[in-house]
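Read through the structure below, which is laid out as structure tokens, and then see the notes.
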Number of protein chains: 2
Amino acid sequence: MNNTTLKEIAEQLGISIATVSKSLKNYPDVSEKTKQAVIELASQLNYTPNSFAVNLRTKESKTIGLIIPTIVHHFFSNVIKGILEEAEKRDYLVIILQSDENFELEKKQIKLLINKRVDGIIISLSNGTGDFFHLNEILSQKIPLVLFDKIAKIVECSKVMINDQKAAYDAVDYLIKKGYKKIAHFRGAYIPQNSIDRFLGYKKALEDNQIEYNPSLVYDCDNNNDFEDGYENAKKLIIENPEVDAIFAVTDLVAIGIIKYFNEIGISIPNQIAVLGFSNWFISNVISPTLTTIDQPGFEMGKKSAEILFNEIDLKRNNLPVSFQSIEIETKLIIREST
Amino acid sequence: MNNTTLKEIAEQLGISIATVSKSLKNYPDVSEKTKQAVIELASQLNYTPNSFAVNLRTKESKTIGLIIPTIVHHFFSNVIKGILEEAEKRDYLVIILQSDENFELEKKQIKLLINKRVDGIIISLSNGTGDFFHLNEILSQKIPLVLFDKIAKIVECSKVMINDQKAAYDAVDYLIKKGYKKIAHFRGAYIPQNSIDRFLGYKKALEDNQIEYNPSLVYDCDNNNDFEDGYENAKKLIIENPEVDAIFAVTDLVAIGIIKYFNEIGISIPNQIAVLGFSNWFISNVISPTLTTIDQPGFEMGKKSAEILFNEIDLKRNNLPVSFQSIEIETKLIIREST
């Protein structure tokens, strides 16, 4: 805390700078009344308080923050549901923010949450997130943090994820065992770890089955509009690689874009070409043909992330040591009509 | 505020009850320091403060509350997006709660938000909401309130809605003009005004076109699982009323359940029977056949609700009079393959 603020508080409350500083360090020889006044004023001056002040606040905040990349999204809606249900059980409130896949916005939102003195923060990182210093800000403030789905492996906090590489591997391996020989991959953006891992799973499954990896069969879906990406790349694929007999799509929305285009031009799925998605959105079970996909349990991921966060909040409150967890939620292949 | 609390605060701060009371009434002859300490302690004692304390807090809270019936829902996801974008512009945070269509939970959540001293509240009422006293609690605390979509006409606050009756009327009138003679309605629950209005619009369109209303062509979808309701009622309809040539469904999800069943048993849409939905979910444009529906602009409704709320918060902050608005957002019929 800089001395200007110290001085300001001291003057406004008519007490000495030493007393202000003592109050913030929770010295026993300062009255509760004075400590309260100092913290209240410090917060008004938008001073992000030290851990003492934070601790003092957490006792009454009962609020956590959640930052997700996008809100109109079946998977994230299910995650939110899981988190809200856990918060509900504990009478906690949840502040929800949408980073809109924007790094700068994500940084700003974390500042807002820290200033709001939330008891803990849950984040799925935006595709635009370049470095992780803004996350260290949370940890240095001793605010419990849980990352889920789009995580940063190097950040020291608890994480809830799926094994994207294994899930993708199993999906593609299943296609090969089914007899599909020329399998294309509609991959996601290059930044988030999970779309990279899905690509690596695709590649490894080919290699382990002695099928040569062919980069020209990999199409990029990185315009933050999966449906359009799938639709447009399906158009390209039919011209560039008409002999492809199966497509592994990085998300259900990409797969649905593909199906939409093939239905329009009368390409029969799976007879002429098979399509496999990722996430198991509600929609994947109602379109025609129904979509074979990997079930990515959003509700369970949200529930687990919240359980871990609330546990860390409790441990912190009781000054007990926290050991970070990395939880892998099981996925499974859901076989439907599209393969 | 009861005297026990007054006394408690006075004792803990070592000041007189009179001073506590004066502080809460913002008398000029009490120092800011003392007022701050009193309010801080009052809040710790979970005392929901009087309007003075609330006003004093709103200056720094910059948080609003949002209660929606269900979170995994395309329409409400779009509403949330609209609200978050408006909050973002103003550096406001949004606490989101899911009432899960449960009246008791809705009541409890409103209490939580009031105690949290949010600057304003936006609500779409749950299907289970029986009376509106819990909303008066918000108004008596002088907390700006905006109701949207599932509103209560008698509550004196601003409202953002669509004209469900007119929208339904236009949809059914369109079906009749298209030549459909025997039109069934898969209606929603009996409590929320909007599902009643959609039913009334259906009825009126028949009457105005000299088609006799036949109650046996109205099927209830009130199990809070629209997709299943549509699917199961479609089964019943085919047996009970095989001569029906069109169905007006209360929501897209109900319509998609119907389409799912008809696709399974090989009934061709719209040749054998037409299906018309309500809301224009993303899914309605990607299923086969694509669904004719009414566009219910969730994003605009959320945006408008937030704009009105923030405007009322500003007026209140500047002690200016607020006049409640009732905004009707335009809907439009989106004609696709299913009719």
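Chains: A, B, ... in order of the structure tokens. Residues: from 1 per chain. Ligands: from 1, in order shown.
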| request: Just the residues within 9 Å of region 96-103 of chain A, please, counting only C-alpha atoms, with nothing from its chain fewer than 4 positions along; format it as JSON, numbers by chain. | output: {"A": [64, 65, 66, 67, 68, 69, 70, 71, 80, 107, 108, 109, 125, 126, 127, 128, 129, 130, 131, 224], "B": [81, 84, 85, 88, 93, 94, 95, 96]}
Could you write out the selected residues, including C-alpha atoms, as a short mmCIF file (atom, residue, chain, number, x, y, z; two decimals), in the first residue's frame?
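So the final result, stored in part.cif, reads:
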data_model
loop_
_atom_site.label_atom_id
_atom_site.label_comp_id
_atom_site.auth_asym_id
_atom_site.auth_seq_id
_atom_site.Cartn_x
_atom_site.Cartn_y
_atom_site.Cartn_z
CA ILE A 64 -17.23 -16.33 -6.02
CA GLY A 65 -16.36 -15.23 -9.54
CA LEU A 66 -16.69 -17.23 -12.74
CA ILE A 67 -15.14 -16.20 -16.07
CA ILE A 68 -16.07 -18.17 -19.19
CA PRO A 69 -15.14 -17.44 -22.81
CA THR A 70 -18.69 -17.45 -24.14
CA ILE A 71 -22.16 -17.64 -22.63
CA ILE A 80 -22.55 -22.89 -15.01
CA LYS A 107 -7.51 -9.38 -17.46
CA LYS A 108 -9.89 -6.54 -16.67
CA GLN A 109 -12.53 -8.92 -15.34
CA LEU A 125 -9.33 -19.26 -20.32
CA SER A 126 -10.15 -17.36 -23.50
CA ASN A 127 -8.62 -18.41 -26.83
CA GLY A 128 -6.88 -15.04 -26.86
CA THR A 129 -5.06 -15.51 -23.56
CA GLY A 130 -1.36 -15.06 -24.31
CA ASP A 131 0.33 -15.16 -20.89
CA ASN A 224 -14.85 -18.33 -33.38
CA LYS B 81 -25.30 -12.19 -23.05
CA LEU B 84 -23.51 -8.92 -19.49
CA GLU B 85 -22.57 -6.73 -22.45
CA GLU B 88 -19.49 -4.67 -19.08
CA LEU B 93 -20.76 -7.09 -12.16
CA VAL B 94 -23.71 -9.45 -12.50
CA ILE B 95 -24.64 -12.10 -9.91
CA ILE B 96 -26.61 -14.81 -11.73
#
| said: Give me the residues near Arg336 (chain A) as a VMD selection string, where near means some atom within 6 Å (using only C-alpha atoms) and where sequence neighbours in that chain fewer than 3 positions away do not count. | reply: chain A and resid 290 to 292
Produce a file of the selected residues containing C-alpha atoms, as a PDB file, in the first residue's frame.
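This is the output file out24.pdb:
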ATOM      1  CA  THR A 290     -27.894 -38.078 -35.010  1.00  0.00           C
ATOM      2  CA  LEU A 291     -24.237 -37.338 -34.321  1.00  0.00           C
ATOM      3  CA  THR A 292     -21.627 -39.745 -32.997  1.00  0.00           C
TER       4      THR A 292
END
| All residues 7 Å or closer to Ile83 (chain A), only C-alpha atoms, same chain fewer than 6 positions away omitted, as a list in words | Gly302, Lys303 and Ala306 of chain A
Writing out the chosen residues with C-alpha atoms as a compact mmCIF listing (two decimals), in the first residue's frame:
# COMPACT_ATOMS: atom_id res chain seq x y z
CA GLY A 302 -18.71 -27.35 -13.16
CA LYS A 303 -19.77 -29.28 -10.07
CA ALA A 306 -16.96 -25.61 -7.49
| request: Pick out the residues sitting within 8 Å of Leu217 (chain B), and hand them over as a list of chain:residue names; count only C-alpha atoms, and ignore anything fewer than 3 positions along from it in its own chain. | output: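 Here the answer would be B:Ile183, B:Ala184, B:His185, B:Asn214, B:Asn241.
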| Non-local contacts of Gln36 (chain B) (7 Å; only C-alpha atoms; under 4 positions in same chain excluded) as a list in words |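 Non-adjacent residues within range: Ala37 and Glu40 of chain A; Glu32 and Glu40 of chain B.
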Spatial neighbours of Asp170 (chain A), max dist 8 Å, only C-alpha atoms, sep filter under 4 positions, as a short mmCIF file (atom, residue, chain, number, x, y, z; two decimals) with C-alpha atoms, in the first residue's frame:
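Final file, out_2.cif:
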data_model
loop_
_atom_site.label_atom_id
_atom_site.label_comp_id
_atom_site.auth_asym_id
_atom_site.auth_seq_id
_atom_site.Cartn_x
_atom_site.Cartn_y
_atom_site.Cartn_z
CA LYS A 166 -7.08 -39.58 -25.24
CA TYR A 174 -12.95 -46.17 -33.42
CA GLY A 201 -4.96 -37.44 -30.45
CA ALA A 205 -4.40 -42.63 -33.62
CA LEU A 333 -17.71 -42.11 -27.01
#
| request: Have a look at B:Val20, B:Val72, B:Leu139, B:Val79 and name the one nearest to chain A; count only C-alpha atoms. | output: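 Of the candidates, the smallest distance to chain A is held by B:Val72.
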| request: Might you pull out every residue within 12 Å of Lys22 (chain A), with only C-alpha atoms counted and same-chain residues fewer than 3 positions away left off, and present them as a PyMOL selection string? | output: chain A and resi 6+10+15-19+25-32+34-35+38-39+52-53
| request: Identify all residues of region 67-115 of chain A in alpha helix (DSSP H) (DSSP on the backbone) and supply them as JSON, numbers by chain. | output: {"A": [74, 75, 76, 77, 78, 79, 80, 81, 82, 83, 84, 85, 86, 87, 88, 89, 103, 104, 105, 106, 107, 108, 109, 110, 111, 112, 113, 114, 115]}
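Here CA of Leu320 (chain B) is placed at a distance of 18.7 Å from CA of Lys62 (chain B).
Of the residues in region 219-336 of chain B, those given strand (DSSP E) by DSSP on the backbone are Tyr219, Asp220, Ala246, Ile247, Phe248, Ala249, Ala274, Val275, Leu276, Thr293, Ile294, Asp295, Ser326, Ile327, Glu328, Lys332, Leu333 and Ile334 of chain B.
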Generate the output file for the selected residues, all heavy atoms, as a short mmCIF file (atom, residue, chain, number, x, y, z; two decimals), in the first residue's frame.
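New file result.cif:
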data_model
loop_
_atom_site.label_atom_id
_atom_site.label_comp_id
_atom_site.auth_asym_id
_atom_site.auth_seq_id
_atom_site.Cartn_x
_atom_site.Cartn_y
_atom_site.Cartn_z
N TYR B 219 -52.76 -29.99 -26.41
CA TYR B 219 -51.98 -30.93 -25.58
C TYR B 219 -51.10 -30.15 -24.62
O TYR B 219 -50.49 -29.15 -25.00
CB TYR B 219 -51.13 -31.83 -26.48
CG TYR B 219 -51.95 -32.84 -27.26
CD1 TYR B 219 -52.67 -32.45 -28.38
CD2 TYR B 219 -52.02 -34.17 -26.86
CE1 TYR B 219 -53.44 -33.36 -29.10
CE2 TYR B 219 -52.78 -35.09 -27.56
CZ TYR B 219 -53.49 -34.68 -28.68
OH TYR B 219 -54.25 -35.59 -29.37
N ASP B 220 -51.07 -30.62 -23.36
CA ASP B 220 -50.28 -29.91 -22.33
C ASP B 220 -48.83 -30.35 -22.32
O ASP B 220 -48.54 -31.54 -22.29
CB ASP B 220 -50.88 -30.17 -20.94
CG ASP B 220 -52.25 -29.51 -20.80
OD1 ASP B 220 -52.56 -28.64 -21.63
OD2 ASP B 220 -52.98 -29.89 -19.87
N ALA B 246 -51.51 -29.67 -38.93
CA ALA B 246 -50.46 -28.74 -38.48
C ALA B 246 -50.46 -28.66 -36.96
O ALA B 246 -51.50 -28.82 -36.31
CB ALA B 246 -50.69 -27.35 -39.08
N ILE B 247 -49.27 -28.41 -36.39
CA ILE B 247 -49.14 -28.25 -34.95
C ILE B 247 -48.41 -26.94 -34.66
O ILE B 247 -47.34 -26.68 -35.22
CB ILE B 247 -48.34 -29.40 -34.30
CG1 ILE B 247 -48.96 -30.75 -34.62
CG2 ILE B 247 -48.25 -29.20 -32.78
CD1 ILE B 247 -48.09 -31.93 -34.19
N PHE B 248 -49.02 -26.12 -33.79
CA PHE B 248 -48.34 -24.93 -33.30
C PHE B 248 -47.81 -25.27 -31.90
O PHE B 248 -48.57 -25.50 -30.97
CB PHE B 248 -49.29 -23.73 -33.24
CG PHE B 248 -48.78 -22.57 -32.45
CD1 PHE B 248 -47.50 -22.05 -32.67
CD2 PHE B 248 -49.56 -21.99 -31.45
CE1 PHE B 248 -47.03 -20.97 -31.93
CE2 PHE B 248 -49.10 -20.91 -30.71
CZ PHE B 248 -47.83 -20.41 -30.95
N ALA B 249 -46.48 -25.31 -31.76
CA ALA B 249 -45.85 -25.69 -30.48
C ALA B 249 -45.46 -24.45 -29.69
O ALA B 249 -45.03 -23.45 -30.26
CB ALA B 249 -44.62 -26.54 -30.73
N ALA B 274 -47.59 -30.18 -40.71
CA ALA B 274 -46.67 -29.05 -40.55
C ALA B 274 -46.39 -28.82 -39.07
O ALA B 274 -47.22 -29.15 -38.22
CB ALA B 274 -47.29 -27.80 -41.16
N VAL B 275 -45.22 -28.28 -38.76
CA VAL B 275 -44.85 -27.98 -37.38
C VAL B 275 -44.31 -26.56 -37.29
O VAL B 275 -43.50 -26.15 -38.12
CB VAL B 275 -43.79 -28.98 -36.85
CG1 VAL B 275 -43.43 -28.67 -35.40
CG2 VAL B 275 -44.28 -30.42 -36.98
N LEU B 276 -44.81 -25.80 -36.31
CA LEU B 276 -44.37 -24.42 -36.12
C LEU B 276 -43.97 -24.23 -34.66
O LEU B 276 -44.69 -24.64 -33.76
CB LEU B 276 -45.50 -23.46 -36.51
CG LEU B 276 -45.13 -22.01 -36.80
CD1 LEU B 276 -46.11 -21.39 -37.77
CD2 LEU B 276 -45.05 -21.18 -35.54
N THR B 293 -40.66 -20.74 -37.20
CA THR B 293 -40.81 -20.35 -35.80
C THR B 293 -40.95 -18.84 -35.65
O THR B 293 -40.84 -18.10 -36.63
CB THR B 293 -39.60 -20.85 -34.99
OG1 THR B 293 -39.85 -20.64 -33.60
CG2 THR B 293 -38.32 -20.12 -35.39
N ILE B 294 -41.22 -18.41 -34.44
CA ILE B 294 -41.30 -16.98 -34.15
C ILE B 294 -39.99 -16.56 -33.48
O ILE B 294 -39.55 -17.20 -32.52
CB ILE B 294 -42.48 -16.66 -33.22
CG1 ILE B 294 -43.80 -16.86 -33.98
CG2 ILE B 294 -42.39 -15.25 -32.68
CD1 ILE B 294 -44.80 -17.64 -33.23
N ASP B 295 -39.36 -15.54 -34.02
CA ASP B 295 -38.11 -15.07 -33.45
C ASP B 295 -38.38 -14.27 -32.19
O ASP B 295 -39.03 -13.23 -32.22
CB ASP B 295 -37.34 -14.22 -34.46
CG ASP B 295 -35.99 -13.80 -33.91
OD1 ASP B 295 -35.25 -14.69 -33.44
OD2 ASP B 295 -35.68 -12.59 -33.92
N SER B 326 -42.81 -0.11 -19.75
CA SER B 326 -43.18 -1.45 -20.22
C SER B 326 -42.84 -1.53 -21.69
O SER B 326 -43.52 -0.92 -22.52
CB SER B 326 -44.67 -1.71 -19.99
OG SER B 326 -44.89 -2.07 -18.64
N ILE B 327 -41.77 -2.23 -22.00
CA ILE B 327 -41.26 -2.26 -23.37
C ILE B 327 -41.66 -3.57 -24.04
O ILE B 327 -41.48 -4.65 -23.48
CB ILE B 327 -39.72 -2.15 -23.38
CG1 ILE B 327 -39.26 -0.89 -22.66
CG2 ILE B 327 -39.19 -2.21 -24.82
CD1 ILE B 327 -39.53 0.39 -23.40
N GLU B 328 -42.21 -3.45 -25.24
CA GLU B 328 -42.55 -4.63 -26.02
C GLU B 328 -41.54 -4.76 -27.14
O GLU B 328 -41.43 -3.87 -27.98
CB GLU B 328 -43.96 -4.47 -26.59
CG GLU B 328 -44.81 -5.72 -26.50
CD GLU B 328 -46.23 -5.43 -26.93
OE1 GLU B 328 -46.45 -5.24 -28.14
OE2 GLU B 328 -47.11 -5.38 -26.05
N LYS B 332 -40.80 -11.64 -34.93
CA LYS B 332 -41.19 -11.85 -36.34
C LYS B 332 -41.26 -13.33 -36.66
O LYS B 332 -40.56 -14.15 -36.06
CB LYS B 332 -40.28 -11.10 -37.30
CG LYS B 332 -38.82 -11.45 -37.23
CD LYS B 332 -38.05 -10.67 -38.32
CE LYS B 332 -36.57 -11.00 -38.30
NZ LYS B 332 -35.92 -10.67 -37.02
N LEU B 333 -42.10 -13.65 -37.62
CA LEU B 333 -42.27 -15.03 -38.06
C LEU B 333 -41.14 -15.40 -39.02
O LEU B 333 -40.90 -14.68 -39.99
CB LEU B 333 -43.63 -15.18 -38.74
CG LEU B 333 -44.05 -16.58 -39.18
CD1 LEU B 333 -44.27 -17.49 -37.98
CD2 LEU B 333 -45.32 -16.51 -40.02
N ILE B 334 -40.44 -16.48 -38.71
CA ILE B 334 -39.35 -16.95 -39.59
C ILE B 334 -39.85 -18.20 -40.31
O ILE B 334 -40.04 -19.24 -39.69
CB ILE B 334 -38.09 -17.33 -38.79
CG1 ILE B 334 -37.74 -16.24 -37.76
CG2 ILE B 334 -36.93 -17.64 -39.73
CD1 ILE B 334 -36.95 -15.10 -38.29
#
| query | Given the choices A:Gln325, A:Ser284, A:Asn223, A:Gln296, which gets closest to chain B if the distance is worked out from only C-alpha atoms? | reply | A:Ser284
| message | Calculated over only C-alpha atoms, which of the candidates A:Ser195, A:Asn311, A:Gln44, A:Gln210 has the smallest distance to chain B? | response | A:Gln44
